[in-house]
>>> print(open('work-v1.cif').read())   # mmCIF, C-alpha atoms and all ligand atoms
data_structure
#
loop_
_atom_site.label_atom_id
_atom_site.label_comp_id
_atom_site.auth_asym_id
_atom_site.auth_seq_id
_atom_site.Cartn_x
_atom_site.Cartn_y
_atom_site.Cartn_z
CA MET Y 1 -80.84 286.24 99.29
CA ASN Y 2 -79.80 283.72 101.91
CA ALA Y 3 -79.67 286.14 104.87
CA HIS Y 4 -83.01 287.79 104.16
CA ALA Y 5 -86.30 286.33 105.35
CA CYS Y 6 -89.66 287.81 104.35
CA VAL Y 7 -90.95 290.26 107.00
CA CYS Y 8 -94.45 288.90 106.45
CA CYS Y 9 -94.32 285.13 105.97
CA GLY Y 10 -90.69 284.32 106.77
CA GLY Y 11 -90.26 282.93 103.24
CA LYS Y 12 -86.84 282.75 101.64
CA SER Y 13 -87.60 282.51 97.94
CA PHE Y 14 -87.34 285.91 96.30
CA GLN Y 15 -87.51 287.47 92.88
CA VAL Y 16 -85.07 290.35 92.43
CA VAL Y 17 -87.28 293.15 91.06
CA LEU Y 18 -84.86 296.09 91.02
CA ASP Y 19 -81.25 296.66 91.99
CA LEU Y 20 -80.22 300.33 92.03
CA GLY Y 21 -76.83 299.63 93.61
CA GLN Y 22 -75.39 301.82 96.34
CA MET Y 23 -77.70 304.81 97.00
CA PRO Y 24 -77.67 307.71 99.49
CA LEU Y 25 -80.56 308.11 101.96
CA ALA Y 26 -83.22 309.87 99.93
CA ASP Y 27 -84.44 312.34 102.57
CA ARG Y 28 -81.08 313.10 104.12
CA LEU Y 29 -80.42 316.51 102.60
CA VAL Y 30 -76.88 317.71 103.08
CA HIS Y 31 -75.79 320.96 104.74
CA PRO Y 32 -73.48 322.92 102.42
CA ASN Y 33 -69.86 322.79 103.60
CA ASP Y 34 -70.60 319.49 105.30
CA PRO Y 35 -67.34 317.68 104.62
CA GLU Y 36 -68.60 314.40 106.02
CA GLU Y 37 -68.89 311.40 103.73
CA GLU Y 38 -72.55 310.69 103.18
CA PRO Y 39 -73.91 307.34 104.24
CA THR Y 40 -75.03 305.07 101.42
CA CYS Y 41 -76.71 301.69 101.46
CA PRO Y 42 -77.45 299.07 98.79
CA LEU Y 43 -80.94 299.60 97.38
CA LYS Y 44 -82.43 296.38 96.15
CA LEU Y 45 -86.11 295.46 95.92
CA VAL Y 46 -87.08 291.81 96.06
CA ARG Y 47 -90.46 290.11 96.06
CA CYS Y 48 -91.34 287.19 98.29
CA ARG Y 49 -92.75 284.35 96.22
CA GLY Y 50 -94.62 283.07 99.30
CA CYS Y 51 -96.84 286.07 100.12
CA SER Y 52 -95.96 288.45 97.25
CA LEU Y 53 -94.68 291.24 99.52
CA ALA Y 54 -92.01 293.35 97.79
CA GLN Y 55 -89.38 294.57 100.24
CA VAL Y 56 -85.91 296.11 100.27
CA THR Y 57 -83.14 293.80 101.38
CA GLU Y 58 -81.30 296.38 103.49
CA ALA Y 59 -82.13 299.72 105.08
CA PRO Y 60 -80.68 301.90 107.82
CA PRO Y 61 -82.49 301.80 111.20
CA PRO Y 62 -85.67 303.95 111.43
CA ARG Y 63 -83.99 306.34 113.91
CA VAL Y 64 -81.49 307.25 111.21
CA LEU Y 65 -84.17 307.65 108.50
CA PHE Y 66 -86.76 309.58 110.52
CA GLY Y 67 -84.56 311.50 112.91
CA GLU Y 68 -84.21 315.12 113.89
CA ASP Y 69 -83.44 316.33 110.38
CA PHE Y 70 -86.33 314.62 108.60
CA PRO Y 71 -87.26 317.38 106.13
CA TYR Y 72 -90.52 316.14 104.58
CA HIS Y 73 -93.64 318.14 105.48
CA SER Y 74 -96.96 317.19 103.87
CA ARG Y 75 -98.43 320.66 103.72
CA PHE Y 76 -96.37 321.95 100.79
CA SER Y 77 -98.31 319.92 98.22
CA ASP Y 78 -101.74 321.46 97.68
CA THR Y 79 -103.02 318.35 95.88
CA LEU Y 80 -102.17 316.27 98.94
CA VAL Y 81 -103.71 318.70 101.40
CA ALA Y 82 -106.90 318.80 99.27
CA SER Y 83 -107.02 315.00 99.31
CA PHE Y 84 -106.60 315.03 103.12
CA ARG Y 85 -109.52 317.44 103.46
CA ALA Y 86 -111.79 315.41 101.17
CA HIS Y 87 -110.88 312.19 102.96
CA ALA Y 88 -111.54 313.73 106.39
CA GLU Y 89 -114.94 315.02 105.23
CA GLU Y 90 -115.84 311.61 103.87
CA LEU Y 91 -114.86 309.86 107.11
CA ILE Y 92 -116.69 312.38 109.29
CA ALA Y 93 -119.87 311.77 107.28
CA ARG Y 94 -119.54 308.02 106.79
CA ARG Y 95 -118.48 307.20 110.38
CA GLU Y 96 -120.63 309.95 111.96
CA LEU Y 97 -117.68 311.39 113.85
CA ASP Y 98 -118.28 314.12 116.43
CA ALA Y 99 -116.82 315.57 119.63
CA ASP Y 100 -117.05 312.14 121.31
CA SER Y 101 -114.98 310.52 118.60
CA LEU Y 102 -111.21 310.12 118.42
CA VAL Y 103 -109.10 309.89 115.27
CA ILE Y 104 -105.50 308.70 115.65
CA ASP Y 105 -103.08 309.35 112.79
CA LEU Y 106 -100.00 307.11 112.68
CA GLY Y 107 -97.08 308.89 111.03
CA SER Y 108 -98.97 312.15 111.41
CA ASN Y 109 -96.05 314.27 110.13
CA ASP Y 110 -96.95 317.99 110.30
CA GLY Y 111 -100.57 317.30 111.28
CA ALA Y 112 -102.05 318.32 107.93
CA MET Y 113 -104.29 315.24 107.83
CA LEU Y 114 -105.68 315.80 111.33
CA GLU Y 115 -106.36 319.52 110.94
CA PRO Y 116 -109.71 319.15 109.12
CA PHE Y 117 -110.93 316.73 111.81
CA ALA Y 118 -109.85 319.10 114.58
CA ARG Y 119 -111.58 322.02 112.82
CA ALA Y 120 -114.79 319.96 112.71
CA GLY Y 121 -114.54 319.42 116.48
CA VAL Y 122 -113.42 315.78 116.35
CA ARG Y 123 -110.74 314.83 118.91
CA VAL Y 124 -107.40 313.93 117.34
CA LEU Y 125 -104.05 312.44 118.28
CA GLY Y 126 -100.99 312.35 116.03
CA ILE Y 127 -98.13 309.92 116.53
CA ASP Y 128 -94.84 310.59 114.76
CA PRO Y 129 -91.16 310.23 115.63
CA ALA Y 130 -89.79 313.05 113.42
CA ASP Y 131 -89.24 316.19 115.51
CA GLY Y 132 -89.41 318.92 112.85
CA PRO Y 133 -92.83 317.98 111.44
CA ALA Y 134 -94.14 317.11 114.93
CA ASP Y 135 -93.13 320.60 116.18
CA GLU Y 136 -95.08 322.11 113.29
CA ALA Y 137 -98.13 319.99 114.13
CA GLU Y 138 -98.01 321.08 117.77
CA ARG Y 139 -97.69 324.73 116.72
CA ARG Y 140 -100.91 324.26 114.81
CA GLY Y 141 -102.68 322.80 117.81
CA ILE Y 142 -102.53 319.12 116.81
CA PRO Y 143 -101.53 317.05 119.87
CA THR Y 144 -98.66 314.84 118.77
CA ARG Y 145 -96.95 312.00 120.58
CA ARG Y 146 -93.32 311.83 119.44
CA ALA Y 147 -92.75 308.14 119.01
CA PHE Y 148 -92.57 305.28 116.58
CA PHE Y 149 -95.91 303.51 116.69
CA THR Y 150 -95.34 299.89 117.74
CA ALA Y 151 -97.39 297.04 119.21
CA ALA Y 152 -95.94 297.97 122.64
CA LEU Y 153 -96.97 301.63 122.38
CA ALA Y 154 -100.44 300.52 121.24
CA GLN Y 155 -100.84 298.43 124.36
CA SER Y 156 -99.89 301.26 126.65
CA LEU Y 157 -102.30 303.61 124.86
CA ALA Y 158 -105.14 301.07 125.04
CA ALA Y 159 -104.40 300.44 128.73
CA ALA Y 160 -104.74 304.20 129.31
CA GLY Y 161 -108.11 304.17 127.52
CA VAL Y 162 -106.84 305.87 124.37
CA VAL Y 163 -108.89 304.06 121.71
CA ALA Y 164 -110.13 305.47 118.43
CA ASP Y 165 -113.06 305.34 116.05
CA VAL Y 166 -110.66 305.68 113.14
CA VAL Y 167 -106.94 304.93 113.01
CA LEU Y 168 -105.27 306.42 109.96
CA ALA Y 169 -102.06 305.00 108.52
CA LYS Y 170 -101.39 307.03 105.40
CA ASN Y 171 -98.07 306.36 103.74
CA VAL Y 172 -96.60 304.82 106.84
CA LEU Y 173 -97.17 301.05 106.67
CA ALA Y 174 -94.59 300.81 103.88
CA HIS Y 175 -92.07 302.57 106.16
CA VAL Y 176 -92.14 300.37 109.26
CA GLU Y 177 -89.70 297.67 110.32
CA GLU Y 178 -92.36 295.35 111.72
CA PRO Y 179 -95.52 295.75 109.66
CA ILE Y 180 -97.37 292.91 111.39
CA GLY Y 181 -96.78 294.34 114.87
CA PHE Y 182 -97.69 297.78 113.57
CA LEU Y 183 -101.02 296.54 112.20
CA ARG Y 184 -101.73 294.52 115.31
CA GLY Y 185 -101.10 297.67 117.34
CA ALA Y 186 -103.44 299.65 115.09
CA GLY Y 187 -106.15 297.05 115.79
CA ASP Y 188 -105.45 297.26 119.53
CA VAL Y 189 -106.22 300.99 119.68
CA LEU Y 190 -109.60 300.63 117.94
CA LYS Y 191 -112.92 301.03 119.71
CA PRO Y 192 -115.34 298.18 118.99
CA GLY Y 193 -116.60 298.79 115.43
CA GLY Y 194 -113.68 301.10 114.64
CA VAL Y 195 -111.62 300.95 111.45
CA VAL Y 196 -108.03 301.33 110.34
CA VAL Y 197 -107.64 303.18 107.03
CA ALA Y 198 -104.25 302.74 105.37
CA GLU Y 199 -102.83 304.21 102.17
CA PHE Y 200 -99.74 303.22 100.23
CA PRO Y 201 -98.39 303.39 96.67
CA SER Y 202 -99.58 300.29 94.81
CA VAL Y 203 -96.65 298.14 93.69
CA LEU Y 204 -98.64 297.12 90.61
CA GLU Y 205 -99.07 300.76 89.58
CA LEU Y 206 -95.42 301.42 90.44
CA VAL Y 207 -94.38 298.70 87.99
CA ARG Y 208 -96.94 299.68 85.34
CA ARG Y 209 -95.90 303.35 85.44
CA HIS Y 210 -92.15 302.63 85.77
CA ALA Y 211 -92.02 304.53 89.07
CA PHE Y 212 -88.76 302.91 90.16
CA ASP Y 213 -87.83 306.13 92.02
CA THR Y 214 -90.54 305.36 94.60
CA VAL Y 215 -88.23 302.57 95.77
CA TYR Y 216 -85.96 303.92 98.50
CA HIS Y 217 -84.76 302.84 101.93
CA GLU Y 218 -87.63 304.58 103.76
CA HIS Y 219 -90.02 302.36 101.82
CA ARG Y 220 -89.06 299.05 103.32
CA CYS Y 221 -92.04 297.50 101.55
CA CYS Y 222 -93.83 298.14 98.27
CA LEU Y 223 -97.35 296.97 98.97
CA SER Y 224 -100.34 295.58 97.13
CA ALA Y 225 -103.78 294.79 98.54
CA THR Y 226 -102.66 291.16 98.30
CA SER Y 227 -99.59 291.65 100.49
CA VAL Y 228 -101.50 293.89 102.91
CA ALA Y 229 -104.14 291.17 103.20
CA ALA Y 230 -101.37 288.69 104.11
CA LEU Y 231 -99.98 291.10 106.74
CA ALA Y 232 -103.44 291.95 108.10
CA ARG Y 233 -104.42 288.32 108.53
CA ARG Y 234 -101.35 287.77 110.72
CA ALA Y 235 -102.30 290.87 112.73
CA GLY Y 236 -105.90 289.80 113.42
CA LEU Y 237 -107.38 292.26 110.93
CA ARG Y 238 -109.59 291.74 107.90
CA LEU Y 239 -109.84 293.75 104.71
CA GLU Y 240 -113.17 295.53 104.29
CA ARG Y 241 -112.59 297.71 101.24
CA VAL Y 242 -109.94 298.61 98.70
CA GLU Y 243 -110.13 301.85 96.68
CA PRO Y 244 -107.66 303.01 94.05
CA ILE Y 245 -106.60 306.66 94.43
CA GLU Y 246 -104.42 308.79 92.20
CA LEU Y 247 -101.87 310.00 94.78
CA HIS Y 248 -98.14 309.29 94.50
CA GLY Y 249 -98.34 307.71 91.07
CA GLY Y 250 -101.22 305.38 91.94
CA SER Y 251 -102.05 304.35 95.50
CA LEU Y 252 -104.52 302.13 97.31
CA ARG Y 253 -106.68 303.12 100.25
CA VAL Y 254 -107.69 300.09 102.31
CA THR Y 255 -110.16 299.85 105.18
CA LEU Y 256 -109.40 297.22 107.83
CA SER Y 257 -111.21 296.07 110.93
CA ARG Y 258 -110.80 293.40 113.57
CA GLY Y 259 -111.76 289.97 112.31
CA ASP Y 260 -110.48 287.22 110.11
CA GLU Y 261 -112.69 286.98 107.02
CA HIS Y 262 -112.03 289.60 104.35
CA LEU Y 263 -115.30 291.11 103.09
CA PRO Y 264 -116.56 290.21 99.58
CA GLU Y 265 -115.76 293.66 98.16
CA ALA Y 266 -112.14 293.29 99.25
CA ASN Y 267 -111.97 289.74 97.93
CA ALA Y 268 -113.09 291.02 94.55
CA TRP Y 269 -110.11 293.40 94.53
CA LEU Y 270 -107.74 290.61 95.57
CA GLU Y 271 -109.08 288.56 92.65
CA HIS Y 272 -108.50 291.56 90.37
CA GLU Y 273 -104.86 291.78 91.52
CA ARG Y 274 -104.45 288.05 90.94
CA SER Y 275 -105.68 288.50 87.38
CA LEU Y 276 -103.11 291.29 86.90
CA GLY Y 277 -100.36 288.84 87.94
CA VAL Y 278 -99.57 290.07 91.46
CA ASN Y 279 -98.19 286.62 92.33
CA ASP Y 280 -96.24 286.10 89.11
CA ASP Y 281 -92.60 286.97 88.46
CA ALA Y 282 -93.52 288.06 84.93
CA CYS Y 283 -95.59 290.97 86.26
CA TYR Y 284 -92.52 292.63 87.82
CA ALA Y 285 -89.91 291.59 85.29
CA GLY Y 286 -89.93 294.85 83.31
CA LEU Y 287 -89.17 297.33 86.09
CA SER Y 288 -85.44 296.97 85.93
CA SER Y 289 -85.19 297.67 82.19
CA ALA Y 290 -87.75 300.51 82.54
CA ALA Y 291 -85.42 302.13 85.08
CA ALA Y 292 -82.51 301.80 82.63
CA ASP Y 293 -84.62 303.30 79.83
CA VAL Y 294 -85.66 306.23 82.03
CA ARG Y 295 -82.03 306.91 82.87
CA GLU Y 296 -81.05 306.95 79.22
CA GLY Y 297 -84.02 309.09 78.18
CA VAL Y 298 -83.64 311.66 80.96
CA ARG Y 299 -79.92 312.04 80.32
CA ARG Y 300 -80.54 312.48 76.60
CA LEU Y 301 -83.16 315.22 77.13
CA VAL Y 302 -81.03 317.05 79.70
CA ASP Y 303 -77.96 316.87 77.45
CA GLN Y 304 -79.95 318.20 74.47
CA GLU Y 305 -80.90 321.28 76.49
CA ARG Y 306 -77.35 321.84 77.64
CA ALA Y 307 -75.95 321.33 74.16
CA ALA Y 308 -78.29 324.13 73.03
CA GLY Y 309 -76.73 326.34 75.71
CA ARG Y 310 -79.75 326.32 78.02
CA GLN Y 311 -79.72 326.04 81.79
CA VAL Y 312 -81.56 323.04 83.29
CA ALA Y 313 -83.15 323.13 86.75
CA ALA Y 314 -85.27 320.57 88.61
CA TYR Y 315 -88.55 320.88 90.51
CA GLY Y 316 -89.17 319.12 93.84
CA ALA Y 317 -86.48 318.10 96.36
CA ALA Y 318 -88.50 314.93 96.85
CA ALA Y 319 -87.12 311.68 98.21
CA LYS Y 320 -87.92 310.14 94.84
CA GLY Y 321 -86.02 313.05 93.27
CA ALA Y 322 -82.85 312.05 95.10
CA ILE Y 323 -83.18 308.55 93.67
CA MET Y 324 -83.83 309.87 90.16
CA LEU Y 325 -80.84 312.22 90.21
CA ASN Y 326 -78.44 309.67 91.65
CA TRP Y 327 -79.63 306.85 89.39
CA CYS Y 328 -79.31 309.10 86.32
CA ASP Y 329 -76.00 310.43 87.65
CA LEU Y 330 -77.06 314.04 87.20
CA GLY Y 331 -74.91 316.40 89.25
CA PRO Y 332 -74.48 320.18 89.44
CA ASP Y 333 -72.62 320.09 86.12
CA ARG Y 334 -75.94 319.24 84.43
CA ILE Y 335 -78.66 320.45 86.81
CA ASP Y 336 -77.99 323.94 88.15
CA PHE Y 337 -80.43 323.89 91.06
CA VAL Y 338 -83.54 322.22 92.43
CA VAL Y 339 -86.50 324.30 93.63
CA ASP Y 340 -88.87 323.35 96.45
CA ARG Y 341 -91.51 325.22 98.45
CA ASN Y 342 -90.46 323.58 101.70
CA PRO Y 343 -88.15 325.98 103.60
CA HIS Y 344 -86.73 323.02 105.58
CA LYS Y 345 -85.20 321.79 102.32
CA GLN Y 346 -84.03 325.12 100.92
CA GLY Y 347 -80.37 326.03 101.41
CA LYS Y 348 -79.40 322.37 101.56
CA LEU Y 349 -78.01 320.03 98.90
CA MET Y 350 -79.63 317.00 97.31
CA PRO Y 351 -78.11 313.83 98.80
CA GLY Y 352 -75.34 312.19 96.81
CA VAL Y 353 -75.34 314.50 93.79
CA ARG Y 354 -75.13 317.65 95.93
CA ILE Y 355 -77.25 320.00 93.83
CA PRO Y 356 -78.39 323.10 95.77
CA VAL Y 357 -82.07 323.41 96.75
CA ARG Y 358 -83.52 326.89 96.32
CA PRO Y 359 -86.90 328.57 96.85
CA VAL Y 360 -89.33 328.32 93.92
CA GLU Y 361 -88.72 332.03 93.17
CA ALA Y 362 -85.38 330.97 91.65
CA MET Y 363 -87.45 329.95 88.61
CA GLN Y 364 -88.28 333.59 87.89
CA ASP Y 365 -84.77 334.80 88.63
CA GLU Y 366 -82.98 332.24 86.45
CA ARG Y 367 -85.57 331.33 83.79
CA PRO Y 368 -84.00 327.93 83.05
CA GLY Y 369 -84.54 326.57 79.53
CA ALA Y 370 -85.99 323.35 80.93
CA VAL Y 371 -87.02 321.91 84.29
CA LEU Y 372 -86.74 318.26 85.22
CA VAL Y 373 -89.90 317.52 87.20
CA LEU Y 374 -88.70 315.28 90.02
CA ALA Y 375 -92.07 315.48 91.80
CA TRP Y 376 -93.73 314.09 88.64
CA ASN Y 377 -96.61 312.78 90.78
CA PHE Y 378 -97.71 316.43 91.19
CA VAL Y 379 -96.89 317.58 87.65
CA GLU Y 380 -100.38 319.05 87.03
CA GLU Y 381 -100.23 321.16 90.20
CA ILE Y 382 -96.70 322.29 89.42
CA ALA Y 383 -97.63 323.17 85.82
CA HIS Y 384 -100.50 325.37 87.00
CA GLN Y 385 -98.29 327.05 89.56
CA GLN Y 386 -95.62 327.61 86.86
CA ALA Y 387 -98.14 328.63 84.18
CA GLU Y 388 -96.31 331.87 83.49
CA TYR Y 389 -93.00 330.07 82.95
CA LEU Y 390 -94.60 327.52 80.61
CA ARG Y 391 -96.58 330.12 78.67
CA ALA Y 392 -93.35 332.04 78.11
CA GLY Y 393 -91.91 328.97 76.38
CA GLY Y 394 -90.54 327.07 79.39
CA ARG Y 395 -90.26 323.31 79.09
CA PHE Y 396 -90.79 320.49 81.54
CA ILE Y 397 -88.81 317.28 81.29
CA VAL Y 398 -91.20 314.71 82.77
CA PRO Y 399 -89.25 311.53 83.57
CA ILE Y 400 -92.05 309.04 84.34
CA PRO Y 401 -93.51 306.83 82.85
CA GLU Y 402 -91.33 307.64 79.80
CA PRO Y 403 -89.08 310.68 79.69
CA HIS Y 404 -90.69 313.37 77.54
CA ILE Y 405 -90.91 317.12 77.09
CA ALA Y 406 -94.16 318.83 78.12
CA THR Y 407 -95.05 322.42 77.28
CA ALA Y 408 -97.90 324.81 78.12
CA SER Y 409 -100.36 323.25 75.66
CA ASP Y 410 -99.93 319.79 77.24
CA PHE Y 411 -101.48 321.24 80.40
CA GLY Y 412 -104.16 323.26 78.63
CA LEU Y 413 -102.38 326.51 79.58
P1 LIG M 1 -93.39 314.11 97.16
C1 LIG M 1 -92.74 311.75 100.44
O1 LIG M 1 -91.95 311.28 99.35
C2 LIG M 1 -92.11 311.45 101.76
P2 LIG M 1 -91.37 312.29 98.27
C3 LIG M 1 -92.17 310.03 102.18
N1 LIG M 1 -90.97 309.33 101.81
C4 LIG M 1 -93.29 309.26 101.55
O2 LIG M 1 -93.48 308.15 101.88
C5 LIG M 1 -94.07 309.81 100.41
O3 LIG M 1 -94.04 311.21 100.36
C6 LIG M 1 -95.47 309.32 100.36
C7 LIG M 1 -92.45 319.86 96.87
N2 LIG M 1 -93.46 320.58 96.13
O4 LIG M 1 -94.64 314.34 97.87
C8 LIG M 1 -92.89 319.34 98.20
C9 LIG M 1 -93.25 321.91 95.82
O5 LIG M 1 -92.21 322.47 96.19
O6 LIG M 1 -93.49 313.74 95.73
C10 LIG M 1 -91.99 318.13 98.38
O7 LIG M 1 -90.74 318.52 98.91
N3 LIG M 1 -94.20 322.57 95.13
C11 LIG M 1 -92.26 310.00 103.68
O8 LIG M 1 -90.47 313.25 98.96
C12 LIG M 1 -91.80 317.62 96.95
O9 LIG M 1 -92.06 318.73 96.11
C13 LIG M 1 -95.35 321.99 94.69
O10 LIG M 1 -96.17 322.63 94.03
O11 LIG M 1 -90.82 311.52 97.15
C14 LIG M 1 -92.77 316.54 96.60
O12 LIG M 1 -92.44 315.38 97.26
C15 LIG M 1 -95.55 320.61 95.00
C16 LIG M 1 -96.80 319.91 94.55
C17 LIG M 1 -94.59 319.94 95.71
O13 LIG M 1 -92.75 312.95 97.87
ZN ZN M 2 -93.50 286.52 102.29
#
>>> encode(input="work-v1.cif", output="structure tokens", more="lines below")
Ligand code: JHZ
Ligand code: ZN
Amino acid sequence: MNAHACVCCGGKSFQVVLDLGQMPLADRLVHPNDPEEEPTCPLKLVRCRGCSLAQVTEAPPPRVLFGEDFPYHSRFSDTLVASFRAHAEELIARRELDADSLVIDLGSNDGAMLEPFARAGVRVLGIDPADGPADEAERRGIPTRRAFFTAALAQSLAAAGVVADVVLAKNVLAHVEEPIGFLRGAGDVLKPGGVVVAEFPSVLELVRRHAFDTVYHEHRCCLSATSVAALARRAGLRLERVEPIELHGGSLRVTLSRGDEHLPEANAWLEHERSLGVNDDACYAGLSSAAADVREGVRRLVDQERAAGRQVAAYGAAAKGAIMLNWCDLGPDRIDFVVDRNPHKQGKLMPGVRIPVRPVEAMQDERPGAVLVLAWNFVEEIAHQQAEYLRAGGRFIVPIPEPHIATASDFGL
């Protein structure tokens, strides 16, 4: 770990939490017939013993990760879109937002989070570097600045009078190269009394639920309220509130504002994380063997299906799905195809393992004996959408937290 210094505190003492070896880039779907060697990069998660921030030791530059071909669009997961709507409604009510207010969304993707604000007449601005999703946002009338949000961009926005009542940073803080500058910038584009609301998968939940596949190069950091507090302090922000939410296998939603003393409610959560062992090596020690157990269990269940002569498919061409498939070494010899609702992913191949991605209708056409649920974080939604398949005897292989088979009755279908 000699070359690596903590992106938060500059510390050099690290605990190795997870080492997945050489991995492809999780969202870089491959065009069929693309003869080119795919880029890979070591994927290793370490935790700074100084400030407790978990971070990957190496990742390709953001331009490579979030370039032209970035295929992820938020709007294909109904559960996520419903959570966006509920969150927007809550903020509109709580912060009394109206036509004089501005909401800025950092990493606004396809604009799905800003749409409910815009519909309610609140002014919005999205900022996102990925062209495909940004084009979609613009088509839907969400003004989108195509850029990486940085401290420098924040200053130019503030100088032009672009300041917001609410700055949203949902599933983006974990992705940035310079999280302190990013947070400082978020503070710089706040009106007096404004708040930054950030969301991220909780590293403590990730470890507890064995969600090792949430570790990939895009996620430069795996955050806790504790590590966000350490980043925020260095960015001139204080923690106001911390709320656990169910998304993405267990996330936190934190409210930040300008200032230096965290509020009592937030301190209570920080104390709670301390009691769970957020600063202790022991708390993270099991992730690596959990990942090995998941690999063994998933391979066993897939092989059982194949041995019985049944076809196995997978659901969700998710970034985490690419990690799961590559870590478990499941190629087209074991998994026939992956289905996904997102047309930007269909017709391509999963990175590394090169399994074709097809529209969800392939489920009806092929009737696979079992389906490995790669987007396990949305398993309830997927089960209800695939109720007919499950009722007809279809089986889900759910890999996380422990690989198991789920059938119609497990979902009350
Ligand atoms: P999903 C994404 O990660 C992208 P991924 C990113 N890396 C990030 O940080 C996190 O989110 C937060 C599809 N689907 O959300 C949609 C259906 O087809 O688990 C998606 O392609 N039908 C920036 O990619 C995929 O599955 C459905 O019914 O790991 C889910 O991907 C549902 C519910 C989803 O995240
Ligand atoms: Zn540190």
>>> closest_residue(input="work-v1.cif", among="Y:Thr407, Y:Ser275, Y:Gln15, Y:Asn267", to="ligand ZN 2 (chain M)", atoms="all atoms listed in the file")
Y:Gln15
>>> residues_near_ligand(input="work-v1.cif", ligand="ligand ZN 2 (chain M)", cutoff="7 Å", atoms="only C-alpha atoms and all ligand atoms", output="PyMOL selection string")
chain Y and resi 6-11+48-53
>>> atom_distance(input="work-v1.cif", atom1="CA of Asp303 in chain Y", atom2="CA of Ile400 in chain Y")
17.5 Å
>>> residues_around(input="work-v1.cif", residues="Thr150 in chain Y", least_positions_apart="6", cutoff="7 Å", atoms="only C-alpha atoms", output="VMD selection string")
chain Y and resid 181 to 182 185
>>> residues_near_ligand(input="work-v1.cif", ligand="ligand LIG 1 (chain M)", cutoff="7 Å", atoms="all atoms listed in the file", output="mmCIF file with C-alpha atoms, in the coordinates of the input")
data_model
loop_
_atom_site.group_PDB
_atom_site.id
_atom_site.type_symbol
_atom_site.label_atom_id
_atom_site.label_comp_id
_atom_site.auth_asym_id
_atom_site.auth_seq_id
_atom_site.Cartn_x
_atom_site.Cartn_y
_atom_site.Cartn_z
ATOM 1 C CA TYR Y 72 -90.520 316.140 104.580
ATOM 2 C CA PHE Y 76 -96.370 321.950 100.790
ATOM 3 C CA SER Y 77 -98.310 319.920 98.220
ATOM 4 C CA ASP Y 78 -101.740 321.460 97.680
ATOM 5 C CA THR Y 79 -103.020 318.350 95.880
ATOM 6 C CA ASN Y 171 -98.070 306.360 103.740
ATOM 7 C CA VAL Y 172 -96.600 304.820 106.840
ATOM 8 C CA THR Y 214 -90.540 305.360 94.600
ATOM 9 C CA GLU Y 218 -87.630 304.580 103.760
ATOM 10 C CA HIS Y 219 -90.020 302.360 101.820
ATOM 11 C CA HIS Y 248 -98.140 309.290 94.500
ATOM 12 C CA TYR Y 315 -88.550 320.880 90.510
ATOM 13 C CA GLY Y 316 -89.170 319.120 93.840
ATOM 14 C CA ALA Y 317 -86.480 318.100 96.360
ATOM 15 C CA ALA Y 318 -88.500 314.930 96.850
ATOM 16 C CA ALA Y 319 -87.120 311.680 98.210
ATOM 17 C CA LYS Y 320 -87.920 310.140 94.840
ATOM 18 C CA GLY Y 321 -86.020 313.050 93.270
ATOM 19 C CA VAL Y 339 -86.500 324.300 93.630
ATOM 20 C CA ASP Y 340 -88.870 323.350 96.450
ATOM 21 C CA ARG Y 341 -91.510 325.220 98.450
ATOM 22 C CA ASN Y 342 -90.460 323.580 101.700
ATOM 23 C CA VAL Y 360 -89.330 328.320 93.920
ATOM 24 C CA ALA Y 375 -92.070 315.480 91.800
ATOM 25 C CA ASN Y 377 -96.610 312.780 90.780
ATOM 26 C CA PHE Y 378 -97.710 316.430 91.190
ATOM 27 C CA GLU Y 381 -100.230 321.160 90.200
ATOM 28 C CA ILE Y 382 -96.700 322.290 89.420
ATOM 29 C CA GLN Y 385 -98.290 327.050 89.560
#
>>> atom_distance(input="work-v1.cif", atom1="CA of Lys170 in chain Y", atom2="CA of Met113 in chain Y")
9.0 Å
>>> residues_around(input="work-v1.cif", residues="Phe148 in chain Y", least_positions_apart="4", cutoff="9 Å", atoms="all atoms listed in the file", output="list of chain:residue names")
Y:Pro62, Y:Leu106, Y:Gly107, Y:Ile127, Y:Asp128, Y:Pro129, Y:Ala130, Y:Leu153, Y:Val176
>>> atom_distance(input="work-v1.cif", atom1="CA of Val298 in chain Y", atom2="CA of His404 in chain Y")
8.0 Å
>>> closest_residue(input="work-v1.cif", among="Y:Glu136, Y:Asp131, Y:Asp188, Y:Glu402", to="Leu157 in chain Y", atoms="only C-alpha atoms")
Y:Asp188
>>> closest_residue(input="work-v1.cif", among="Y:Pro35, Y:Pro201, Y:Gly111, Y:Gly187", to="Leu237 in chain Y", atoms="only C-alpha atoms")
Y:Gly187
>>> residues_around(input="work-v1.cif", residues="range 393-395 of chain Y", least_positions_apart="6", cutoff="9 Å", atoms="only C-alpha atoms", output="JSON, numbers by chain")
{"Y": [367, 368, 369, 370, 371, 372, 405, 406, 407, 408]}
